$ cat query_31.csv   # CSV, C-alpha atoms and all ligand atoms
chain,number,residue,atom,x,y,z
A,91,MET,CA,78.2,73.9,82.7
A,92,LEU,CA,80.8,76.3,83.9
A,93,THR,CA,80.4,78.5,87.0
A,94,LYS,CA,79.0,82.1,86.9
A,95,ARG,CA,82.3,83.0,88.5
A,96,VAL,CA,84.2,81.9,85.5
A,97,GLU,CA,81.7,83.3,83.1
A,98,ARG,CA,82.3,86.7,84.5
A,99,LEU,CA,86.0,86.4,83.8
A,100,THR,CA,87.5,88.4,80.9
A,101,PRO,CA,90.5,86.7,79.2
A,102,SER,CA,93.7,88.8,79.7
A,103,LYS,CA,93.7,91.5,77.0
A,104,THR,CA,97.4,92.0,77.4
A,105,MET,CA,98.0,88.3,76.6
A,106,TYR,CA,96.0,88.8,73.4
A,107,PHE,CA,98.7,91.0,71.9
A,108,THR,CA,101.6,89.0,73.3
A,109,ALA,CA,100.1,85.8,71.8
A,110,LYS,CA,99.6,87.5,68.4
A,111,ALA,CA,103.2,88.8,68.5
A,112,LYS,CA,104.5,85.3,69.3
A,113,LYS,CA,102.5,83.8,66.4
A,114,LEU,CA,104.0,86.3,63.9
A,115,LYS,CA,107.5,85.6,65.3
A,116,ALA,CA,106.9,81.9,64.9
A,117,GLU,CA,106.1,82.6,61.2
A,118,GLY,CA,109.6,84.2,60.9
A,119,ILE,CA,108.5,87.8,61.0
A,120,SER,CA,110.7,90.2,62.9
A,121,VAL,CA,108.4,91.7,65.5
A,122,ILE,CA,109.5,94.4,68.0
A,123,ASP,CA,107.7,93.4,71.1
A,124,PHE,CA,106.8,96.2,73.5
A,125,SER,CA,103.9,94.2,75.0
A,126,VAL,CA,105.4,91.9,77.7
A,127,GLY,CA,105.9,93.4,81.2
A,128,GLU,CA,109.0,91.5,81.9
A,129,PRO,CA,112.7,92.6,82.4
A,130,ASP,CA,114.8,91.6,79.3
A,131,PHE,CA,117.8,91.0,81.6
A,132,PRO,CA,118.7,87.5,82.9
A,133,THR,CA,118.3,86.8,86.6
A,134,PRO,CA,121.5,88.0,88.3
A,135,GLU,CA,124.2,85.3,88.5
A,136,ASN,CA,124.4,85.3,92.3
A,137,ILE,CA,120.7,84.6,92.6
A,138,CYS,CA,120.9,81.7,90.0
A,139,GLU,CA,123.9,80.3,92.0
A,140,ALA,CA,121.9,80.4,95.2
A,141,GLY,CA,119.1,78.5,93.4
A,142,LYS,CA,121.5,75.8,92.3
A,143,LYS,CA,123.1,75.6,95.8
A,144,ALA,CA,119.6,75.1,97.2
A,145,ILE,CA,119.0,72.1,95.0
A,146,ASP,CA,122.4,70.6,95.9
A,147,SER,CA,121.7,71.2,99.6
A,148,GLY,CA,118.5,69.2,99.3
A,149,HIS,CA,116.1,72.2,99.8
A,150,THR,CA,113.6,70.5,97.5
A,151,LYS,CA,110.8,69.7,99.8
A,152,TYR,CA,107.6,71.5,101.1
A,153,THR,CA,108.4,74.5,103.2
A,154,VAL,CA,106.0,75.9,105.8
A,155,VAL,CA,103.1,77.7,104.2
A,156,ASN,CA,104.1,81.3,104.8
A,157,GLY,CA,107.7,80.7,103.7
A,158,ILE,CA,111.0,79.8,105.3
A,159,ASP,CA,112.0,81.8,108.5
A,160,LEU,CA,115.2,83.1,106.9
A,161,LEU,CA,113.3,84.7,104.0
A,162,ARG,CA,110.5,86.2,106.1
A,163,LYS,CA,113.2,87.7,108.4
A,164,GLU,CA,115.0,89.1,105.4
A,165,ILE,CA,111.7,90.6,104.0
A,166,ALA,CA,111.0,92.2,107.4
A,167,ILE,CA,114.4,93.8,107.4
A,168,LYS,CA,113.9,95.0,103.8
A,169,LEU,CA,110.5,96.5,104.7
A,170,GLN,CA,112.0,98.3,107.7
A,171,THR,CA,115.2,99.5,105.8
A,172,ASP,CA,113.7,100.4,102.4
A,173,ASN,CA,110.1,101.3,103.3
A,174,ALA,CA,110.3,102.5,106.9
A,175,VAL,CA,107.5,100.1,107.9
A,176,ILE,CA,107.5,97.5,110.6
A,177,TYR,CA,106.1,94.0,110.0
A,178,THR,CA,107.2,91.0,112.1
A,179,PRO,CA,108.2,87.9,110.1
A,180,GLU,CA,104.9,86.4,111.3
A,181,GLN,CA,103.0,89.2,109.6
A,182,ILE,CA,104.5,88.2,106.2
A,183,CYS,CA,103.3,85.5,103.9
A,184,VAL,CA,105.5,84.5,101.0
A,185,GLY,CA,103.6,83.3,97.9
A,186,THR,CA,103.9,82.4,94.3
A,187,GLY,CA,104.8,85.6,92.5
A,188,ALA,CA,103.1,88.8,93.6
A,189,LYS,CA,100.0,87.6,91.8
A,190,GLN,CA,99.1,84.9,94.3
A,191,PRO,CA,99.5,87.1,97.4
A,192,LEU,CA,97.3,89.7,95.6
A,193,PHE,CA,94.7,87.0,94.9
A,194,ASN,CA,94.9,85.8,98.5
A,195,ALA,CA,94.5,89.4,99.8
A,196,VAL,CA,91.4,90.0,97.7
A,197,PHE,CA,89.9,86.6,98.8
A,198,ALA,CA,90.7,87.3,102.4
A,199,VAL,CA,88.8,90.6,102.5
A,200,CYS,CA,86.2,90.7,99.7
A,201,GLU,CA,83.0,88.8,99.1
A,202,GLU,CA,79.6,89.0,97.3
A,203,GLY,CA,78.1,92.4,97.8
A,204,ASP,CA,81.4,94.2,98.5
A,205,GLU,CA,82.8,97.0,96.2
A,206,VAL,CA,86.4,97.5,95.5
A,207,ILE,CA,87.7,100.7,94.1
A,208,ILE,CA,90.2,100.3,91.3
A,209,PRO,CA,91.8,103.5,90.0
A,210,THR,CA,92.3,103.4,86.2
A,211,PRO,CA,94.3,103.1,84.0
A,212,GLY,CA,95.0,100.0,86.1
A,213,TRP,CA,96.6,96.6,85.8
A,214,VAL,CA,94.3,94.1,84.1
A,215,SER,CA,94.2,91.4,86.8
A,216,TYR,CA,92.8,93.5,89.7
A,217,GLU,CA,89.3,93.6,88.4
A,218,GLU,CA,89.3,89.9,87.5
A,219,MET,CA,90.4,89.0,91.0
A,220,VAL,CA,87.7,91.2,92.5
A,221,LYS,CA,85.1,89.6,90.2
A,222,LEU,CA,86.3,86.1,91.1
A,223,ALA,CA,85.8,86.9,94.8
A,224,GLY,CA,82.2,87.8,93.9
A,225,ALA,CA,82.7,91.5,94.6
A,226,THR,CA,82.2,94.5,92.3
A,227,PRO,CA,85.0,96.6,90.8
A,228,VAL,CA,84.3,100.3,90.9
A,229,PHE,CA,86.6,102.2,88.5
A,230,VAL,CA,87.8,105.7,89.3
A,231,PRO,CA,89.8,107.4,86.5
A,232,SER,CA,93.2,109.1,87.0
A,233,LEU,CA,94.1,111.7,84.4
A,234,GLU,CA,97.1,112.3,82.2
A,235,ALA,CA,96.8,116.0,83.0
A,236,ASP,CA,97.5,115.1,86.6
A,237,ASP,CA,100.3,112.7,85.6
A,238,PHE,CA,97.9,109.9,86.5
A,239,GLU,CA,98.0,110.8,90.1
A,240,LEU,CA,95.1,109.4,92.2
A,241,ASP,CA,92.0,111.6,92.1
A,242,LEU,CA,91.2,111.7,95.8
A,243,ASP,CA,87.9,113.6,95.4
A,244,ALA,CA,86.6,111.1,92.9
A,245,ILE,CA,87.8,108.3,95.1
A,246,GLU,CA,86.0,109.7,98.1
A,247,LYS,CA,82.8,110.2,96.0
A,248,ALA,CA,83.0,106.5,94.9
A,249,VAL,CA,83.1,105.3,98.5
A,250,THR,CA,79.8,103.7,99.7
A,251,LYS,CA,78.8,101.5,102.7
A,252,ARG,CA,79.8,98.5,100.6
A,253,THR,CA,83.4,99.7,99.9
A,254,LYS,CA,85.7,97.0,101.2
A,255,ALA,CA,89.0,97.9,99.7
A,256,ILE,CA,90.9,100.0,97.2
A,257,MET,CA,93.7,98.4,95.0
A,258,ILE,CA,96.5,100.8,94.3
A,259,ASN,CA,99.8,100.2,92.4
A,260,THR,CA,102.7,102.5,92.8
A,261,PRO,CA,104.9,102.7,90.7
A,262,ASN,CA,102.0,102.0,88.3
A,263,ASN,CA,101.4,99.6,85.5
A,264,PRO,CA,100.5,100.9,82.9
A,265,THR,CA,101.0,104.6,83.6
A,266,GLY,CA,104.4,104.7,85.3
A,267,ALA,CA,103.0,107.1,87.8
A,268,VAL,CA,104.5,107.1,91.3
A,269,HIS,CA,102.0,108.3,93.9
A,270,LYS,CA,103.1,111.2,96.1
A,271,THR,CA,103.4,111.0,99.8
A,272,GLU,CA,100.7,113.6,100.4
A,273,THR,CA,98.3,111.7,98.1
A,274,LEU,CA,99.0,108.4,99.9
A,275,ARG,CA,98.6,110.0,103.3
A,276,LYS,CA,95.2,111.5,102.3
A,277,LEU,CA,94.1,108.2,100.8
A,278,GLY,CA,95.2,106.4,104.0
A,279,GLU,CA,93.1,108.9,106.0
A,280,LEU,CA,90.1,108.1,103.8
A,281,ALA,CA,90.6,104.4,104.4
A,282,VAL,CA,90.7,105.0,108.2
A,283,LYS,CA,87.6,107.3,108.1
A,284,TYR,CA,85.5,104.9,105.9
A,285,HIS,CA,87.0,101.6,107.2
A,286,PHE,CA,88.3,100.1,104.0
A,287,TYR,CA,91.4,98.2,103.2
A,288,ILE,CA,94.2,99.4,101.0
A,289,ILE,CA,95.7,96.7,98.9
A,290,SER,CA,99.0,98.3,97.8
A,291,ASP,CA,100.8,96.6,95.0
A,292,GLU,CA,104.5,97.8,95.1
A,293,VAL,CA,106.1,95.3,92.7
A,294,TYR,CA,107.8,98.1,90.7
A,295,GLU,CA,109.1,99.8,93.8
A,296,LYS,CA,112.8,99.7,92.8
A,297,LEU,CA,112.1,101.3,89.4
A,298,VAL,CA,111.7,105.0,90.2
A,299,TYR,CA,113.8,107.4,88.1
A,300,ASP,CA,113.2,110.8,89.7
A,301,GLU,CA,114.0,112.2,93.1
A,302,SER,CA,110.5,111.5,94.6
A,303,GLY,CA,111.3,107.8,95.4
A,304,HIS,CA,108.8,105.2,96.3
A,305,VAL,CA,106.7,105.5,99.5
A,306,CYS,CA,105.0,102.6,101.1
A,307,ILE,CA,101.6,103.8,102.3
A,308,ALA,CA,101.7,101.6,105.4
A,309,SER,CA,104.6,103.8,106.7
A,310,LEU,CA,102.5,106.9,107.0
A,311,SER,CA,100.8,106.3,110.3
A,312,ASP,CA,99.9,103.5,112.7
A,313,GLU,CA,96.2,103.9,111.9
A,314,ILE,CA,96.9,103.7,108.1
A,315,TRP,CA,99.2,100.6,108.7
A,316,LYS,CA,96.2,98.7,110.2
A,317,GLN,CA,94.2,99.2,107.0
A,318,CYS,CA,97.0,98.1,104.6
A,319,ILE,CA,97.9,94.9,102.9
A,320,ILE,CA,101.3,95.4,101.2
A,321,ILE,CA,102.1,93.3,98.2
A,322,ASN,CA,105.5,93.0,96.7
A,323,GLY,CA,107.7,90.6,94.8
A,324,LEU,CA,111.0,89.9,93.1
A,325,SER,CA,109.8,89.3,89.5
A,326,LYS,CA,110.3,92.9,88.3
A,327,SER,CA,113.0,94.2,90.6
A,328,TYR,CA,115.3,91.2,90.4
A,329,ALA,CA,114.4,89.9,86.9
A,330,MET,CA,112.9,86.8,88.5
A,331,THR,CA,109.6,86.5,86.7
A,332,GLY,CA,109.8,82.8,86.1
A,333,TRP,CA,110.9,81.9,89.7
A,334,ARG,CA,107.5,82.9,91.0
A,335,ILE,CA,108.0,84.6,94.3
A,336,GLY,CA,106.4,87.5,96.1
A,337,TYR,CA,104.8,88.3,99.5
A,338,ALA,CA,101.9,89.9,101.4
A,339,ALA,CA,102.5,91.8,104.6
A,340,ALA,CA,99.5,92.7,106.8
A,341,ASN,CA,98.1,92.9,110.3
A,342,ASN,CA,97.7,89.6,112.3
A,343,GLU,CA,94.1,89.0,111.4
A,344,VAL,CA,94.5,89.6,107.7
A,345,ILE,CA,97.7,87.7,107.4
A,346,LYS,CA,96.2,84.7,109.2
A,347,ALA,CA,93.4,84.6,106.6
A,348,ILE,CA,95.9,84.9,103.7
A,349,LYS,CA,97.9,82.1,105.1
A,350,ALA,CA,94.8,79.9,105.5
A,351,ILE,CA,93.8,80.5,101.9
A,352,GLN,CA,97.3,79.7,100.7
A,353,SER,CA,97.5,76.5,102.8
A,354,HIS,CA,94.6,75.1,100.7
A,355,THR,CA,95.8,76.3,97.3
A,356,THR,CA,99.5,76.3,96.6
A,357,SER,CA,100.7,75.4,100.1
A,358,ALA,CA,103.9,77.4,99.8
A,359,SER,CA,106.1,79.0,97.2
A,360,ASN,CA,108.8,77.0,95.5
A,361,SER,CA,111.5,75.9,98.0
A,362,ILE,CA,114.4,76.5,95.7
A,363,THR,CA,113.1,80.0,94.8
A,364,GLN,CA,112.8,80.9,98.4
A,365,TYR,CA,116.5,80.3,99.0
A,366,ALA,CA,117.4,82.2,95.9
A,367,ALA,CA,115.3,85.1,97.1
A,368,VAL,CA,117.3,85.3,100.4
A,369,GLU,CA,120.4,85.8,98.2
A,370,ALA,CA,118.6,88.4,96.2
A,371,TYR,CA,118.0,90.5,99.3
A,372,GLN,CA,121.3,89.8,101.0
A,373,GLY,CA,123.6,89.7,98.0
A,374,ASN,CA,125.3,92.4,95.9
A,375,GLN,CA,122.7,94.8,94.4
A,376,GLY,CA,125.0,95.9,91.5
A,377,SER,CA,122.9,94.2,88.8
A,378,ILE,CA,119.8,95.9,90.0
A,379,LYS,CA,121.5,99.3,89.6
A,380,LYS,CA,122.6,98.4,86.1
A,381,MET,CA,119.0,97.4,85.1
A,382,HIS,CA,117.7,100.6,86.6
A,383,GLU,CA,120.2,102.7,84.6
A,384,ALA,CA,119.2,100.9,81.4
A,385,PHE,CA,115.5,101.3,82.0
A,386,ASN,CA,116.0,105.0,82.7
A,387,ARG,CA,118.0,105.5,79.5
A,388,ARG,CA,115.4,103.7,77.4
A,389,ARG,CA,112.5,105.7,79.0
A,390,ASN,CA,114.2,109.0,78.2
A,391,TYR,CA,114.8,107.9,74.6
A,392,ILE,CA,111.2,106.8,74.0
A,393,ILE,CA,109.8,110.0,75.6
A,394,GLY,CA,111.9,112.0,73.2
A,395,ARG,CA,111.0,110.0,70.1
A,396,VAL,CA,107.2,109.8,70.9
A,397,ASN,CA,106.9,113.5,71.5
A,398,ALA,CA,108.8,114.2,68.3
A,399,MET,CA,106.2,112.2,66.2
A,400,SER,CA,103.1,113.9,64.8
A,401,ASP,CA,99.7,113.3,66.5
A,402,ILE,CA,101.0,111.2,69.4
A,403,SER,CA,102.4,112.2,72.7
A,404,CYS,CA,103.3,111.0,76.2
A,405,ASN,CA,104.0,112.4,79.6
A,406,THR,CA,107.2,111.7,81.6
A,407,PRO,CA,106.4,108.7,83.8
A,408,PRO,CA,108.7,108.6,86.8
A,409,GLY,CA,108.5,104.8,87.5
A,410,ALA,CA,108.0,101.2,86.4
A,411,PHE,CA,108.9,100.4,82.8
A,412,TYR,CA,105.8,101.6,80.9
A,413,ILE,CA,104.8,104.6,79.0
A,414,MET,CA,101.2,105.5,78.0
A,415,VAL,CA,101.2,107.0,74.5
A,416,ASN,CA,98.3,109.3,73.9
A,417,ILE,CA,96.8,108.5,70.4
A,418,LYS,CA,93.6,110.5,70.7
A,419,LYS,CA,94.5,112.7,67.7
A,420,LEU,CA,94.8,109.6,65.5
A,421,PHE,CA,91.2,108.6,66.0
A,422,HIS,CA,89.2,108.8,62.7
A,423,LYS,CA,92.4,108.9,60.7
A,424,LYS,CA,92.7,106.0,58.3
A,425,TYR,CA,95.3,103.4,57.3
A,426,GLU,CA,94.3,102.6,53.7
A,427,THR,CA,90.5,102.0,54.1
A,428,ILE,CA,90.7,101.1,57.8
A,429,GLU,CA,89.5,103.8,60.2
A,430,ILE,CA,91.2,104.1,63.6
A,431,THR,CA,88.3,104.0,65.9
A,432,SER,CA,89.9,102.6,69.1
A,433,SER,CA,93.2,101.7,70.7
A,434,GLN,CA,92.5,98.1,69.8
A,435,VAL,CA,92.3,99.0,66.1
A,436,MET,CA,95.5,101.0,66.3
A,437,ALA,CA,97.3,98.3,68.2
A,438,ASP,CA,96.1,95.6,65.7
A,439,LEU,CA,97.3,97.7,62.8
A,440,LEU,CA,100.7,98.5,64.3
A,441,LEU,CA,101.2,94.8,64.9
A,442,SER,CA,100.0,93.5,61.5
A,443,GLU,CA,101.4,96.3,59.3
A,444,ALA,CA,104.5,97.6,61.2
A,445,HIS,CA,105.2,94.5,63.3
A,446,VAL,CA,105.3,96.4,66.5
A,447,ALA,CA,103.5,94.9,69.4
A,448,LEU,CA,102.0,97.2,72.1
A,449,ILE,CA,99.0,96.9,74.4
A,450,ALA,CA,95.8,98.7,73.5
A,451,GLY,CA,94.9,101.1,76.4
A,452,GLU,CA,91.4,99.7,76.3
A,453,ALA,CA,92.8,96.8,78.3
A,454,PHE,CA,93.4,99.2,81.2
A,455,HIS,CA,90.2,101.2,80.7
A,456,ALA,CA,92.1,103.9,78.9
A,457,ASP,CA,91.1,103.8,75.2
A,458,ASP,CA,93.0,107.0,74.3
A,459,TYR,CA,96.3,105.3,74.8
A,460,LEU,CA,98.7,102.5,73.8
A,461,ARG,CA,101.0,101.1,76.4
A,462,ILE,CA,104.7,100.6,75.6
A,463,CYS,CA,106.8,98.4,77.8
A,464,TYR,CA,110.5,99.5,77.6
A,465,ALA,CA,112.0,96.4,79.1
A,466,VAL,CA,113.3,95.7,75.7
A,467,SER,CA,116.9,96.1,74.2
A,468,ASP,CA,118.1,99.6,73.1
A,469,GLU,CA,118.4,98.4,69.5
A,470,ASP,CA,114.9,97.0,69.4
A,471,ILE,CA,113.5,100.2,71.0
A,472,GLU,CA,115.2,102.3,68.3
A,473,GLU,CA,113.9,100.0,65.5
A,474,GLY,CA,110.4,100.0,67.1
A,475,MET,CA,110.3,103.8,67.3
A,476,ASN,CA,111.3,104.0,63.6
A,477,ARG,CA,108.6,101.6,62.6
A,478,MET,CA,106.0,103.4,64.6
A,479,GLU,CA,107.0,106.8,63.1
A,480,GLN,CA,106.9,105.4,59.5
A,481,PHE,CA,103.5,103.8,60.1
A,482,ILE,CA,102.0,107.0,61.5
A,483,GLN,CA,103.3,108.9,58.5
A,484,LYS,CA,101.2,106.6,56.3
A,485,LEU,CA,97.9,107.5,58.1
A,486,HIS,CA,95.6,109.9,56.3
A,487,SER,CA,92.4,111.8,57.1
A,501,LIG,C1,101.1,95.7,88.7
A,501,LIG,C2,101.5,94.3,88.7
A,501,LIG,N1,101.3,93.5,89.8
A,501,LIG,C3,101.6,92.2,89.9
A,501,LIG,C4,102.2,91.6,88.8
A,501,LIG,C5,102.5,90.1,89.0
A,501,LIG,O1,103.8,89.9,89.3
A,501,LIG,P1,104.3,88.4,89.5
A,501,LIG,O2,104.9,88.0,88.2
A,501,LIG,O3,105.3,88.6,90.6
A,501,LIG,O4,103.2,87.5,89.9
A,501,LIG,C6,102.4,92.3,87.7
A,501,LIG,C7,103.0,91.6,86.5
A,501,LIG,O5,102.9,92.0,85.4
A,501,LIG,C8,102.1,93.6,87.6
A,501,LIG,O6,102.3,94.4,86.5

$ encode --input "query_31.csv" --output "structure tokens" --more "lines below"
Ligand SMILES: Cc1ncc(COP(=O)(O)O)c(C=O)c1O
Amino acid sequence: MLTKRVERLTPSKTMYFTAKAKKLKAEGISVIDFSVGEPDFPTPENICEAGKKAIDSGHTKYTVVNGIDLLRKEIAIKLQTDNAVIYTPEQICVGTGAKQPLFNAVFAVCEEGDEVIIPTPGWVSYEEMVKLAGATPVFVPSLEADDFELDLDAIEKAVTKRTKAIMINTPNNPTGAVHKTETLRKLGELAVKYHFYIISDEVYEKLVYDESGHVCIASLSDEIWKQCIIINGLSKSYAMTGWRIGYAAANNEVIKAIKAIQSHTTSASNSITQYAAVEAYQGNQGSIKKMHEAFNRRRNYIIGRVNAMSDISCNTPPGAFYIMVNIKKLFHKKYETIEITSSQVMADLLLSEAHVALIAGEAFHADDYLRICYAVSDEDIEEGMNRMEQFIQKLHS
């Protein structure tokens, strides 16, 4: 018999579409895949070279649990320079991707009986991590009309004596929203007032396309800093998804707990990757700039194309590499005899009939939407948009 903990788990709904797309591709069908949240660029050359050098230099053994000194010092410098926030290297714990530090953070502060506020649309793994820890996710919607900015009134109303944490993500997957300084400050003040933690996932930090820029909530006051657990990683910003490296930064008490959890699970992140990550931070940032330019160009193209199509629309998301396409007007239209009753039905039809893979918004508690990931080549984006447009033209009342 499996545990109740596991029975509560929902298999990843994003993986469902990615797996289906892979299957079609394996059958020789040309699928335009907007489903995977992964940069389509290779890891920059200088980072790969640093990885090879780490192997040749014999850096192939266990490292200390929280990561090599050199890397934690580099992350502390990065946090100070890019995010105006001070963490000592001892207040940083390097982990396997951003996912493991997130999991560690949830396990460090949440248990049975606790509630964790998760703004929606939100990334699929937050609620599952919270459930695994035995706590209860409490969903608070953000609205497209507000450009998916956090609804602070609704968040305050959702706070109870059991609220242990809120999990935020800026820039956001799936909405591309970048939370404003004033919103973050007010949220921080709520966390101080009601004594809950803010687990702030900032993995898309480098991908902001307008003037606003990314703000790390821990930088906003000393009191807010104490409530924060900052999570970041190199997967998205340095095209290093397969290297598996990220980190948590938090006050002494929390980081000690995170380190203890990690010491009994993965021990430490991959040693070779840790040396490559030092190069990512220290080396030339030119390739990051190139990726940023490409993502911005693709984002603008898709926004133009989607808003020119009938019955679907999108806002202008300032960050990450995702766009939420509003499909509400398509509900109850039909493809042949199949009625579009949900984002799942629409995403399934787009995949099977037009060979375009997207994620149904239902996966993010946002059934009126489909998520497009534009970390895909310009040519594929153009072809994907053409296919979507042709498919939507075939729908009837
Ligand atoms: C919001 C968000 N946080 C964390 C992660 C996990 O990142 P990593 O691959 O570094 O574990 C992802 C990956 O898709 C993500 O979208």

$ residues_near_ligand --input "query_31.csv" --ligand "ligand LIG 501 (chain A)" --cutoff "10 Å" --atoms "all atoms listed in the file" --output "compact mmCIF listing (two decimals) with C-alpha atoms, in the coordinates of the input"
# COMPACT_ATOMS: atom_id res chain seq x y z
CA THR A 104 97.40 92.00 77.40
CA VAL A 126 105.40 91.90 77.70
CA GLY A 127 105.90 93.40 81.20
CA GLU A 128 109.00 91.50 81.90
CA GLY A 185 103.60 83.30 97.90
CA THR A 186 103.90 82.40 94.30
CA GLY A 187 104.80 85.60 92.50
CA ALA A 188 103.10 88.80 93.60
CA LYS A 189 100.00 87.60 91.80
CA GLN A 190 99.10 84.90 94.30
CA PRO A 191 99.50 87.10 97.40
CA LEU A 192 97.30 89.70 95.60
CA PHE A 193 94.70 87.00 94.90
CA GLY A 212 95.00 100.00 86.10
CA TRP A 213 96.60 96.60 85.80
CA VAL A 214 94.30 94.10 84.10
CA SER A 215 94.20 91.40 86.80
CA TYR A 216 92.80 93.50 89.70
CA ILE A 258 96.50 100.80 94.30
CA ASN A 259 99.80 100.20 92.40
CA THR A 260 102.70 102.50 92.80
CA PRO A 261 104.90 102.70 90.70
CA ASN A 262 102.00 102.00 88.30
CA ASN A 263 101.40 99.60 85.50
CA PRO A 264 100.50 100.90 82.90
CA SER A 290 99.00 98.30 97.80
CA ASP A 291 100.80 96.60 95.00
CA GLU A 292 104.50 97.80 95.10
CA VAL A 293 106.10 95.30 92.70
CA TYR A 294 107.80 98.10 90.70
CA ILE A 321 102.10 93.30 98.20
CA ASN A 322 105.50 93.00 96.70
CA GLY A 323 107.70 90.60 94.80
CA LEU A 324 111.00 89.90 93.10
CA SER A 325 109.80 89.30 89.50
CA LYS A 326 110.30 92.90 88.30
CA SER A 327 113.00 94.20 90.60
CA ALA A 329 114.40 89.90 86.90
CA MET A 330 112.90 86.80 88.50
CA THR A 331 109.60 86.50 86.70
CA GLY A 332 109.80 82.80 86.10
CA TRP A 333 110.90 81.90 89.70
CA ARG A 334 107.50 82.90 91.00
CA ILE A 335 108.00 84.60 94.30
CA GLY A 336 106.40 87.50 96.10
CA TYR A 337 104.80 88.30 99.50
CA ALA A 410 108.00 101.20 86.40
CA PHE A 411 108.90 100.40 82.80
CA TYR A 412 105.80 101.60 80.90

$ closest_residue --input "query_31.csv" --among "A:Ala447, A:Leu280, A:Ala116, A:Ala223" --to "Cys200 of chain A" --atoms "all atoms listed in the file"
A:Ala223

$ residues_around --input "query_31.csv" --residues "Ile430 of chain A" --least-positions-apart "3" --cutoff "12 Å" --atoms "all atoms listed in the file" --output "PyMOL selection string"
chain A and resi 417-427+433-440+457-458+482+485-487

$ atom_distance --input "query_31.csv" --atom1 "atom CA of Val184 of chain A" --atom2 "atom CA of Leu161 of chain A"
8.4 Å

$ closest_residue --input "query_31.csv" --among "A:Arg389, A:Lys142, A:Lys247, A:Arg275" --to "Leu297 of chain A" --atoms "all atoms listed in the file"
A:Arg389

$ atom_distance --input "query_31.csv" --atom1 "atom CA of Pro211 of chain A" --atom2 "atom CA of Val396 of chain A"
19.6 Å

$ atom_distance --input "query_31.csv" --atom1 "atom CA of His149 of chain A" --atom2 "atom CA of Gln170 of chain A"
27.6 Å

$ residues_around --input "query_31.csv" --residues "Glu343 of chain A" --least-positions-apart "3" --cutoff "12 Å" --atoms "only C-alpha atoms" --output "list of chain:residue names"
A:Glu180, A:Gln181, A:Ile182, A:Ala195, A:Ala198, A:Val199, A:Lys316, A:Gln317, A:Cys318, A:Ile319, A:Ala339, A:Ala340, A:Lys346, A:Ala347, A:Ile348, A:Lys349, A:Ala350

$ residues_around --input "query_31.csv" --residues "segment 361-371 of chain A" --least-positions-apart "2" --cutoff "8 Å" --atoms "only C-alpha atoms" --output "PyMOL selection string"
chain A and resi 136-142+144-145+149-153+157-158+160-161+164-165+168+324+328+333-335+358-359+373-375

$ closest_residue --input "query_31.csv" --among "A:Val282, A:Val230, A:Val344, A:Ile320" --to "Phe197 of chain A" --atoms "all atoms listed in the file"
A:Val344

$ closest_residue --input "query_31.csv" --among "A:Leu277, A:Leu460, A:Met475, A:Leu448" --to "Thr108 of chain A" --atoms "only C-alpha atoms"
A:Leu448

$ closest_residue --input "query_31.csv" --among "A:Ala308, A:Ile345, A:Ile393, A:Ile256" --to "His285 of chain A" --atoms "all atoms listed in the file"
A:Ile256

$ closest_residue --input "query_31.csv" --among "A:Ser403, A:Thr226, A:Asn173, A:Asn397" --to "Cys306 of chain A" --atoms "all atoms listed in the file"
A:Asn173

$ build_atoms --input "query_31.csv" --residues "segment 223-232 of chain A" --atoms "N, CA and C atoms" --output "compact mmCIF listing (two decimals), in the coordinates of the input"
# COMPACT_ATOMS: atom_id res chain seq x y z
N ALA A 223 86.20 86.95 93.34
CA ALA A 223 85.80 86.90 94.80
C ALA A 223 84.33 87.22 94.94
N GLY A 224 83.65 87.54 93.83
CA GLY A 224 82.20 87.80 93.90
C GLY A 224 81.91 89.29 94.16
N ALA A 225 82.94 90.11 94.33
CA ALA A 225 82.70 91.50 94.60
C ALA A 225 82.65 92.32 93.32
N THR A 226 82.36 93.62 93.45
CA THR A 226 82.20 94.50 92.30
C THR A 226 83.27 95.50 92.16
N PRO A 227 83.98 95.52 91.00
CA PRO A 227 85.00 96.60 90.80
C PRO A 227 84.32 97.93 90.55
N VAL A 228 84.83 98.97 91.16
CA VAL A 228 84.30 100.30 90.90
C VAL A 228 85.51 101.14 90.39
N PHE A 229 85.41 101.57 89.13
CA PHE A 229 86.60 102.20 88.50
C PHE A 229 86.55 103.70 88.69
N VAL A 230 87.70 104.24 89.07
CA VAL A 230 87.80 105.70 89.30
C VAL A 230 89.02 106.17 88.42
N PRO A 231 88.74 106.98 87.38
CA PRO A 231 89.80 107.40 86.50
C PRO A 231 90.86 108.33 87.13
N SER A 232 92.11 108.14 86.76
CA SER A 232 93.20 109.10 87.00
C SER A 232 93.50 109.74 85.66
